[in-house]
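> The structure file target.tsv (TSV, C-alpha atoms and all ligand atoms) is provided below.
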```
chain	number	residue	atom	x	y	z
A	220	MET	CA	-10.61	4.31	9.59
A	221	VAL	CA	-10.73	3.81	13.33
A	222	GLN	CA	-7.77	3.30	15.59
A	223	HIS	CA	-7.15	1.26	18.68
A	224	THR	CA	-10.50	-0.49	18.94
A	225	HIS	CA	-11.10	-4.19	19.11
A	226	GLN	CA	-13.54	-6.73	17.84
A	227	GLN	CA	-16.92	-6.56	19.59
A	228	CYS	CA	-17.51	-9.72	21.60
A	229	THR	CA	-20.58	-10.54	23.63
A	230	ALA	CA	-19.09	-13.14	25.90
A	231	SER	CA	-22.35	-13.80	27.79
A	232	GLU	CA	-23.96	-15.14	24.63
A	233	GLY	CA	-20.81	-16.93	23.61
A	234	LEU	CA	-20.70	-14.87	20.46
A	235	CYS	CA	-17.85	-12.97	18.98
A	236	GLU	CA	-19.15	-11.04	16.01
A	237	ARG	CA	-16.98	-10.91	12.96
A	238	SER	CA	-16.06	-7.33	12.28
A	239	ASP	CA	-16.68	-5.91	8.84
A	240	TYR	CA	-13.43	-4.00	8.67
A	241	LEU	CA	-11.38	-4.85	5.64
A	242	VAL	CA	-8.11	-4.53	7.53
A	243	GLU	CA	-7.62	-5.03	11.26
A	244	ALA	CA	-4.14	-4.83	12.70
A	245	SER	CA	-3.40	-5.01	16.38
A	246	ASP	CA	-0.17	-4.47	18.25
A	247	LEU	CA	1.95	-4.86	15.11
A	248	THR	CA	5.55	-5.00	16.18
A	249	LYS	CA	8.56	-5.51	13.96
A	250	ILE	CA	12.03	-6.07	15.31
A	251	TYR	CA	14.89	-6.37	12.85
A	252	GLU	CA	17.95	-8.27	13.95
A	253	VAL	CA	21.21	-7.46	12.24
A	254	GLY	CA	23.97	-9.50	13.78
A	255	GLU	CA	24.02	-8.70	17.49
A	256	ILE	CA	21.99	-5.52	17.05
A	257	THR	CA	18.21	-5.44	17.23
A	258	PHE	CA	16.12	-2.55	16.00
A	259	GLN	CA	12.43	-2.02	16.68
A	260	ALA	CA	10.97	-0.54	13.48
A	261	LEU	CA	7.33	-0.85	14.61
A	262	ALA	CA	6.38	-0.62	18.26
A	263	GLY	CA	2.79	-1.83	18.54
A	264	VAL	CA	0.64	-0.35	15.76
A	265	SER	CA	-3.10	-0.97	15.84
A	266	LEU	CA	-5.42	0.24	13.11
A	267	GLN	CA	-8.60	-0.60	11.30
A	268	ILE	CA	-9.42	0.22	7.71
A	269	GLU	CA	-12.83	0.08	6.12
A	270	ARG	CA	-13.56	-0.95	2.56
A	271	GLY	CA	-13.24	2.07	0.28
A	272	ASP	CA	-10.96	4.07	2.61
A	273	PHE	CA	-8.01	6.08	1.30
A	274	ILE	CA	-5.43	6.28	4.08
A	275	ALA	CA	-2.12	8.12	3.98
A	276	VAL	CA	0.68	7.24	6.37
A	277	MET	CA	3.13	10.08	7.01
A	278	GLY	CA	6.32	10.22	8.99
A	279	HIS	CA	9.97	11.08	8.71
A	280	SER	CA	12.48	8.78	7.10
A	281	GLY	CA	13.05	5.78	9.37
A	282	SER	CA	9.72	6.14	11.21
A	283	GLY	CA	8.54	2.71	10.04
A	284	LYS	CA	6.29	3.60	7.11
A	285	SER	CA	7.63	1.03	4.64
A	286	THR	CA	7.76	-1.62	7.34
A	287	LEU	CA	4.07	-1.06	8.10
A	288	LEU	CA	3.17	-1.16	4.41
A	289	HIS	CA	5.11	-4.40	3.91
A	290	LEU	CA	3.23	-6.05	6.79
A	291	LEU	CA	-0.12	-4.86	5.39
A	292	GLY	CA	0.80	-6.39	2.04
A	293	GLY	CA	2.03	-9.70	3.40
A	294	LEU	CA	5.50	-8.90	2.03
A	295	ASP	CA	6.94	-9.50	5.48
A	296	GLN	CA	5.73	-10.94	8.78
A	297	PRO	CA	5.38	-9.11	12.11
A	298	THR	CA	7.55	-10.12	15.05
A	299	ARG	CA	4.43	-9.79	17.21
A	300	GLY	CA	0.82	-8.79	16.70
A	301	ALA	CA	-2.05	-9.78	14.45
A	302	ILE	CA	-3.11	-8.68	11.03
A	303	ASP	CA	-6.34	-9.69	9.37
A	304	ILE	CA	-7.27	-8.67	5.83
A	305	ALA	CA	-10.62	-9.60	4.31
A	306	GLY	CA	-10.90	-12.53	6.71
A	307	HIS	CA	-7.33	-13.78	6.15
A	308	ALA	CA	-5.06	-13.97	9.21
A	309	LEU	CA	-1.74	-12.97	7.63
A	310	HIS	CA	0.34	-13.46	10.79
A	311	ALA	CA	-0.58	-17.16	10.77
A	312	MET	CA	0.29	-17.88	7.13
A	313	ASP	CA	3.33	-19.69	5.79
A	314	GLU	CA	5.29	-18.31	2.82
A	315	SER	CA	3.29	-20.10	0.11
A	316	ALA	CA	-0.06	-19.04	1.59
A	317	LEU	CA	1.24	-15.47	1.80
A	318	ALA	CA	2.38	-15.56	-1.82
A	319	ARG	CA	-1.06	-16.65	-2.90
A	320	PHE	CA	-2.72	-14.03	-0.68
A	321	ARG	CA	-0.54	-11.30	-2.22
A	322	ARG	CA	-1.38	-12.41	-5.75
A	323	GLU	CA	-5.12	-12.49	-5.09
A	324	HIS	CA	-5.56	-9.48	-2.81
A	325	ILE	CA	-2.68	-7.01	-2.93
A	326	GLY	CA	-1.41	-4.51	-5.49
A	327	VAL	CA	1.75	-2.55	-4.71
A	328	ILE	CA	3.24	0.60	-6.22
A	329	PHE	CA	6.83	1.55	-5.36
A	330	GLN	CA	8.81	4.78	-5.44
A	331	PHE	CA	11.18	3.51	-8.13
A	332	PHE	CA	8.43	1.84	-10.23
A	333	ASN	CA	10.19	-1.59	-10.22
A	334	LEU	CA	9.14	-2.45	-13.77
A	335	ILE	CA	10.88	-5.32	-15.52
A	336	ASP	CA	13.34	-3.83	-18.01
A	337	ASN	CA	13.12	-6.44	-20.74
A	338	LEU	CA	9.31	-6.49	-20.86
A	339	THR	CA	7.12	-3.95	-22.68
A	340	ALA	CA	4.62	-1.83	-20.74
A	341	GLN	CA	1.85	-4.19	-21.86
A	342	ALA	CA	3.78	-7.29	-20.73
A	343	ASN	CA	4.66	-5.69	-17.38
A	344	VAL	CA	0.97	-5.06	-16.72
A	345	GLU	CA	-0.06	-8.57	-17.80
A	346	LEU	CA	2.57	-10.37	-15.73
A	347	PRO	CA	0.84	-10.60	-12.31
A	348	ALA	CA	-2.32	-11.91	-13.99
A	349	LEU	CA	-0.40	-14.52	-16.02
A	350	LEU	CA	1.08	-15.91	-12.80
A	351	ALA	CA	-2.36	-17.07	-11.62
A	352	PRO	CA	-3.30	-20.71	-12.19
A	353	ARG	CA	-5.45	-21.26	-15.31
A	354	ALA	CA	-4.73	-17.75	-16.58
A	355	ASP	CA	-6.94	-16.72	-19.51
A	356	ARG	CA	-4.41	-15.04	-21.83
A	357	PRO	CA	-6.78	-13.27	-24.26
A	358	ALA	CA	-8.88	-11.90	-21.37
A	359	ILE	CA	-5.73	-10.71	-19.58
A	360	ARG	CA	-4.41	-9.04	-22.72
A	361	LYS	CA	-7.69	-7.19	-23.10
A	362	ARG	CA	-7.82	-6.14	-19.45
A	363	ALA	CA	-4.23	-4.84	-19.57
A	364	SER	CA	-4.96	-2.85	-22.75
A	365	GLN	CA	-8.06	-1.34	-21.16
A	366	LEU	CA	-6.16	-0.33	-18.04
A	367	LEU	CA	-3.31	1.18	-20.08
A	368	ALA	CA	-5.84	3.12	-22.17
A	369	ARG	CA	-7.59	4.36	-19.05
A	370	LEU	CA	-4.27	5.66	-17.75
A	371	GLY	CA	-3.55	7.44	-21.05
A	372	LEU	CA	-0.88	4.98	-22.18
A	373	GLU	CA	-2.32	3.36	-25.35
A	374	LYS	CA	0.60	4.66	-27.40
A	375	GLN	CA	3.14	3.43	-24.84
A	376	ALA	CA	1.92	-0.18	-24.66
A	377	SER	CA	4.70	-1.65	-26.78
A	378	LYS	CA	7.48	0.50	-25.33
A	379	TYR	CA	10.07	-0.71	-22.83
A	380	PRO	CA	10.49	0.99	-19.43
A	381	TRP	CA	13.66	2.80	-20.55
A	382	GLU	CA	11.67	4.40	-23.40
A	383	LEU	CA	9.16	5.90	-20.95
A	384	SER	CA	9.25	8.99	-18.72
A	385	GLY	CA	9.14	8.56	-14.93
A	386	GLY	CA	5.47	9.56	-14.83
A	387	GLU	CA	4.62	7.07	-17.58
A	388	GLN	CA	6.55	4.30	-15.82
A	389	GLN	CA	4.64	4.95	-12.62
A	390	ARG	CA	1.33	4.83	-14.50
A	391	VAL	CA	2.35	1.47	-15.98
A	392	ALA	CA	3.19	0.32	-12.43
A	393	ILE	CA	-0.28	1.44	-11.27
A	394	ALA	CA	-1.90	-0.57	-14.08
A	395	ARG	CA	0.21	-3.59	-13.06
A	396	ALA	CA	-0.86	-3.17	-9.42
A	397	LEU	CA	-4.53	-3.07	-10.47
A	398	ILE	CA	-4.59	-5.89	-13.04
A	399	ASN	CA	-5.77	-8.53	-10.57
A	400	GLY	CA	-8.42	-6.26	-9.04
A	401	PRO	CA	-6.71	-6.09	-5.63
A	402	THR	CA	-8.66	-5.94	-2.39
A	403	LEU	CA	-6.07	-3.50	-1.13
A	404	LEU	CA	-3.84	-1.15	-3.13
A	405	LEU	CA	-0.62	-0.16	-1.36
A	406	ALA	CA	1.65	2.67	-2.49
A	407	ASP	CA	5.09	3.37	-0.98
A	408	GLU	CA	6.14	6.95	-1.78
A	409	PRO	CA	4.51	6.70	-5.24
A	410	THR	CA	5.35	10.32	-6.07
A	411	GLY	CA	8.78	10.32	-4.41
A	412	ASN	CA	10.68	10.15	-7.68
A	413	LEU	CA	8.40	12.29	-9.88
A	414	ASP	CA	8.19	15.97	-10.86
A	415	SER	CA	5.19	17.88	-9.55
A	416	LEU	CA	3.10	17.52	-12.72
A	417	SER	CA	3.56	13.73	-12.88
A	418	SER	CA	2.93	13.56	-9.13
A	419	GLN	CA	-0.42	15.29	-9.63
A	420	ASP	CA	-1.24	12.77	-12.38
A	421	VAL	CA	-0.48	9.83	-10.11
A	422	LEU	CA	-2.45	11.32	-7.19
A	423	ASN	CA	-5.42	12.06	-9.47
A	424	ILE	CA	-5.37	8.45	-10.67
A	425	LEU	CA	-5.24	7.07	-7.12
A	426	ALA	CA	-8.08	9.39	-6.06
A	427	GLU	CA	-10.17	8.40	-9.08
A	428	PHE	CA	-9.81	4.66	-8.44
A	429	ASN	CA	-10.53	5.25	-4.76
A	430	ASN	CA	-13.72	7.13	-5.71
A	431	GLN	CA	-14.76	3.97	-7.51
A	432	GLY	CA	-14.23	1.91	-4.38
A	433	GLN	CA	-10.54	0.95	-4.44
A	434	THR	CA	-9.29	0.71	-0.84
A	435	THR	CA	-5.88	2.39	-0.79
A	436	VAL	CA	-3.05	2.90	1.70
A	437	MET	CA	-0.32	5.31	0.62
A	438	VAL	CA	2.90	5.99	2.47
A	439	THR	CA	4.45	9.40	1.85
A	440	HIS	CA	6.44	12.16	3.46
A	441	ASP	CA	4.89	14.72	1.12
A	442	ALA	CA	2.09	16.79	2.68
A	443	VAL	CA	0.57	17.58	-0.73
A	444	ALA	CA	0.24	13.86	-1.50
A	445	ALA	CA	-1.04	12.95	1.99
A	446	ALA	CA	-3.68	15.69	1.86
A	447	ARG	CA	-5.40	13.81	-0.98
A	448	ALA	CA	-6.31	10.94	1.37
A	449	GLN	CA	-9.44	10.83	3.54
A	450	GLN	CA	-7.44	10.14	6.66
A	451	ILE	CA	-3.78	10.68	7.54
A	452	LEU	CA	-1.92	8.69	10.18
A	453	PHE	CA	1.35	10.02	11.57
A	454	LEU	CA	4.07	7.52	12.43
A	455	HIS	CA	6.93	8.43	14.75
A	456	ASP	CA	9.51	5.94	15.99
A	457	GLY	CA	7.28	3.02	14.97
A	458	ARG	CA	4.12	4.28	16.69
A	459	ILE	CA	1.00	6.04	15.44
A	460	VAL	CA	1.18	9.32	17.31
A	461	ASP	CA	-1.54	11.34	15.60
A	462	ALA	CA	-4.26	11.25	12.95
A	463	MET	CA	-6.17	13.87	11.01
A	464	PRO	CA	-8.48	14.07	8.01
A	465	GLY	CA	-7.00	14.92	4.62
A	466	GLY	CA	-7.99	18.05	2.73
A	467	GLU	CA	-5.74	21.05	2.71
A	468	SER	CA	-1.99	20.42	2.41
A	469	GLY	CA	-0.99	23.52	4.41
A	470	ARG	CA	-2.61	22.13	7.56
A	471	VAL	CA	-0.98	18.75	6.99
A	472	ALA	CA	2.48	20.34	6.57
A	473	GLN	CA	1.91	22.33	9.76
A	474	ARG	CA	1.04	19.18	11.71
A	475	VAL	CA	4.18	17.44	10.43
A	476	THR	CA	6.31	20.36	11.65
A	477	GLN	CA	4.67	20.18	15.09
A	478	LEU	CA	5.59	16.51	15.33
A	479	GLY	CA	9.26	17.49	15.04
B	1	LIG	N1	15.56	-5.25	6.63
B	1	LIG	C1	15.92	-4.41	7.62
B	1	LIG	N2	16.90	-4.78	8.49
B	1	LIG	C2	17.26	-3.95	9.49
B	1	LIG	N3	16.71	-2.77	9.76
B	1	LIG	C3	15.73	-2.35	8.93
B	1	LIG	C4	15.28	-3.15	7.83
B	1	LIG	N4	14.29	-2.48	7.19
B	1	LIG	C5	14.14	-1.32	7.85
B	1	LIG	N5	14.98	-1.24	8.90
B	1	LIG	C6	15.07	-0.14	9.87
B	1	LIG	O1	13.80	0.08	10.43
B	1	LIG	C7	13.52	1.48	10.52
B	1	LIG	C8	12.24	1.80	9.78
B	1	LIG	O2	12.47	1.60	8.40
B	1	LIG	P1	11.36	1.90	7.29
B	1	LIG	O3	10.12	1.19	7.64
B	1	LIG	O4	11.99	1.60	5.98
B	1	LIG	O5	11.13	3.48	7.49
B	1	LIG	P2	10.52	4.57	6.49
B	1	LIG	O6	9.87	3.86	5.36
B	1	LIG	O7	9.57	5.35	7.34
B	1	LIG	O8	11.68	5.42	6.06
B	1	LIG	C9	14.73	2.21	9.96
B	1	LIG	O9	15.54	2.65	11.04
B	1	LIG	C10	15.44	1.15	9.15
B	1	LIG	O10	16.84	1.36	9.17
B	2	MG	MG	10.23	3.93	3.34
```
Output the file's structure as structure tokens, nothing else.

Amino acid sequence: MVQHTHQQCTASEGLCERSDYLVEASDLTKIYEVGEITFQALAGVSLQIERGDFIAVMGHSGSGKSTLLHLLGGLDQPTRGAIDIAGHALHAMDESALARFRREHIGVIFQFFNLIDNLTAQANVELPALLAPRADRPAIRKRASQLLARLGLEKQASKYPWELSGGEQQRVAIARALINGPTLLLADEPTGNLDSLSSQDVLNILAEFNNQGQTTVMVTHDAVAAARAQQILFLHDGRIVDAMPGGESGRVAQRVTQLG
């Protein structure tokens, strides 16, 4: 992860080399308008993420974390700025192109799991794959079963969300986020609604998939969770104000306190 740098261009040769960053965002700005009132949730965020990175974004409530994550996932569009993921210019896409981009490249995990109540765990995991054109149902069923087994949920496959614990629901949501083999996995406070044991489970799973190459961006206000990432960015009032490597949660908590 590198911040605030730009694509290398050698103008004299008329060349502008394509960068090999997976994610490049520059000057991302998001202004919400509610009636007569405007609110700037992001105030010019630039960042670059390499393939295989595990980035945590920390900041107090209202600092713009979810807004940033939504822009990275093509769930919303910036008011200003550019965002390029795996060669796709998200800021230039219309809604149907964005929907397709999300399906092919993005997996998202939410704080409140957002599983579909009247579908079993297995069906929840299969759903994003079944939405693709020419979906291969037997292959999808097998892939979903394998993912559920890998997350320790074989016995839960035919249960409904309300029959599962919070930790189990979040593991189902992780399997659902991974079913299409996303280029980028995004997690918005994935441990925010879990006890500490289930939180550890979820963090171990994210770390394990990242070790196998899954590029991951996780938003959290929990220092213990953020410390598991390779790199931590600190957001304050819609700006990146600091960055540090992950590692030991005590140091991360200390830095958060310093930011006020
Ligand atoms: N859809 C929206 N309309 C208006 N204001 C919003 C909207 N979404 C977020 N905001 C405002 O933008 C700011 C940043 O929100 P958010 O990105 O959700 O912060 P965080 O995830 O760090 O708590 C907050 O002050 C919030 O009230
Ligand atoms: Mg949020």
> How would you write, as a list of chain:residue names, the set of residues no farther than 7 Å from ligand LIG 1 (chain B) when counting all atoms listed in the file?
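Selection of residues at most 7 Å from ligand LIG 1 (chain B): A:Tyr251, A:Glu252, A:Val253, A:Phe258, A:Gln259, A:Ala260, A:Gly278, A:His279, A:Ser280, A:Gly281, A:Ser282, A:Gly283, A:Lys284, A:Ser285, A:Thr286, A:Leu287.
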> Measure the distance from CA of Val327 (chain A) to CA of Ala396 (chain A) in Å and round it to one decimal.
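That distance, rounded to one decimal, is 5.4 Å.
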> Pick the closest to Ala444 (chain A) from A:Asn343, A:Gln431, A:Asn423, A:Ser265: which is it, counting only C-alpha atoms?
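Ranked by minimum distance to Ala444 (chain A), first place goes to A:Asn423.
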> Would you mind reading off the distance between CA of Asp461 (chain A) and CA of Leu422 (chain A), one decimal, in Å?
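It comes out at 22.8 Å.
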> Which polymer residues have any atom within 9 Å of an atom of Asp239 (chain A), counting only C-alpha atoms, with same-chain residues fewer than 3 positions away left out, as a list of chain:residue names?
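Listed by chain and then number, they are A:Val242, A:Glu269, A:Arg270, A:Ala305.
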> Using all atoms listed in the file, find the one residue out of A:Asn399, A:Asn333, A:Gln449, A:Gln477 that sits nearest to Thr435 (chain A).
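Answer, going by the shortest atom-to-atom distance: A:Gln449.
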> Around all the atoms of region 458-477 of chain A listed in the file, with 5 Å of room on each side, what axis-aligned box do you get, giving centre and edge lengths in Å to one decimal, as JSON?

```
{"center_x": -1.1, "center_y": 13.9, "center_z": 9.9, "size_x": 24.8, "size_y": 29.2, "size_z": 24.9}
```
> Could you pull the residues within 12 Å of region 364-378 of chain A, counting all atoms listed in the file, minus those fewer than 5 positions along the same chain, as a ChimeraX atom specification?
/A:335-345,357-359,383-384,386-400,420-421,423-425,427-428
> Go ahead and save the picked residues with C-alpha atoms, as a CSV table (one decimal), in the coordinates of the input.

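Saved the output as out.csv:
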```csv
chain,number,residue,atom,x,y,z
A,335,ILE,CA,10.9,-5.3,-15.5
A,336,ASP,CA,13.3,-3.8,-18.0
A,337,ASN,CA,13.1,-6.4,-20.7
A,338,LEU,CA,9.3,-6.5,-20.9
A,339,THR,CA,7.1,-4.0,-22.7
A,340,ALA,CA,4.6,-1.8,-20.7
A,341,GLN,CA,1.8,-4.2,-21.9
A,342,ALA,CA,3.8,-7.3,-20.7
A,343,ASN,CA,4.7,-5.7,-17.4
A,344,VAL,CA,1.0,-5.1,-16.7
A,345,GLU,CA,-0.1,-8.6,-17.8
A,357,PRO,CA,-6.8,-13.3,-24.3
A,358,ALA,CA,-8.9,-11.9,-21.4
A,359,ILE,CA,-5.7,-10.7,-19.6
A,383,LEU,CA,9.2,5.9,-21.0
A,384,SER,CA,9.2,9.0,-18.7
A,386,GLY,CA,5.5,9.6,-14.8
A,387,GLU,CA,4.6,7.1,-17.6
A,388,GLN,CA,6.6,4.3,-15.8
A,389,GLN,CA,4.6,5.0,-12.6
A,390,ARG,CA,1.3,4.8,-14.5
A,391,VAL,CA,2.4,1.5,-16.0
A,392,ALA,CA,3.2,0.3,-12.4
A,393,ILE,CA,-0.3,1.4,-11.3
A,394,ALA,CA,-1.9,-0.6,-14.1
A,395,ARG,CA,0.2,-3.6,-13.1
A,396,ALA,CA,-0.9,-3.2,-9.4
A,397,LEU,CA,-4.5,-3.1,-10.5
A,398,ILE,CA,-4.6,-5.9,-13.0
A,399,ASN,CA,-5.8,-8.5,-10.6
A,400,GLY,CA,-8.4,-6.3,-9.0
A,420,ASP,CA,-1.2,12.8,-12.4
A,421,VAL,CA,-0.5,9.8,-10.1
A,423,ASN,CA,-5.4,12.1,-9.5
A,424,ILE,CA,-5.4,8.4,-10.7
A,425,LEU,CA,-5.2,7.1,-7.1
A,427,GLU,CA,-10.2,8.4,-9.1
A,428,PHE,CA,-9.8,4.7,-8.4
```
> Which one of A:Ala311, A:Met277, A:Ile256, A:Val443 sits closest to ligand MG 2 (chain B) if you count all atoms listed in the file?
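Closest candidate: A:Met277.
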> At what distance in Å, to one decimal, does CA of Gly271 (chain A) lie from CA of Ser245 (chain A)?
20.2 Å
> Between A:Gly263, A:Leu403, A:His289, A:Arg322, which residue has the minimum interatomic distance to Gly432 (chain A), considering all atoms listed in the file?
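Checking each of A:Gly263, A:Leu403, A:His289, A:Arg322 against Gly432 (chain A), counting all atoms listed in the file, the winner is A:Leu403.
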> Looking at A:Leu266, A:Ala445, A:Leu346, A:Met312, which one is nearest to Glu243 (chain A), with distances taken over all atoms listed in the file?
A:Leu266
> So, counting all atoms listed in the file, which residue among A:Glu323, A:Glu408, A:Asp303, A:Asp313 is closest to ligand MG 2 (chain B)?
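When distances to ligand MG 2 (chain B) are compared using all atoms listed in the file, the smallest one comes from A:Glu408.
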> For Pro297 (chain A), work out the shell of residues within 9 Å, counting all atoms listed in the file and skipping chain neighbours fewer than 2 positions away, then give it as a list in words.
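Once the nearby chain positions are removed, what remains is Leu247, Thr248, Lys249, Ile250, Leu261, Leu290, Asp295, Arg299, Gly300, Ala301, Ile302 and His310 of chain A.
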> Excluding Gly466 (chain A) and residues on its chain fewer than 5 positions from it, collect all residues at most 9 Å away from it, counting only C-alpha atoms, and give them as a short mmCIF file (atom, residue, chain, number, x, y, z; two decimals) with C-alpha atoms, in the frame of the given file.

```cif
data_model
loop_
_atom_site.label_atom_id
_atom_site.label_comp_id
_atom_site.auth_asym_id
_atom_site.auth_seq_id
_atom_site.Cartn_x
_atom_site.Cartn_y
_atom_site.Cartn_z
CA ALA A 445 -1.04 12.95 1.99
CA ALA A 446 -3.68 15.69 1.86
CA ARG A 447 -5.40 13.81 -0.98
CA ALA A 448 -6.31 10.94 1.37
CA GLN A 449 -9.44 10.83 3.54
CA GLN A 450 -7.44 10.14 6.66
CA VAL A 471 -0.98 18.75 6.99
#
```
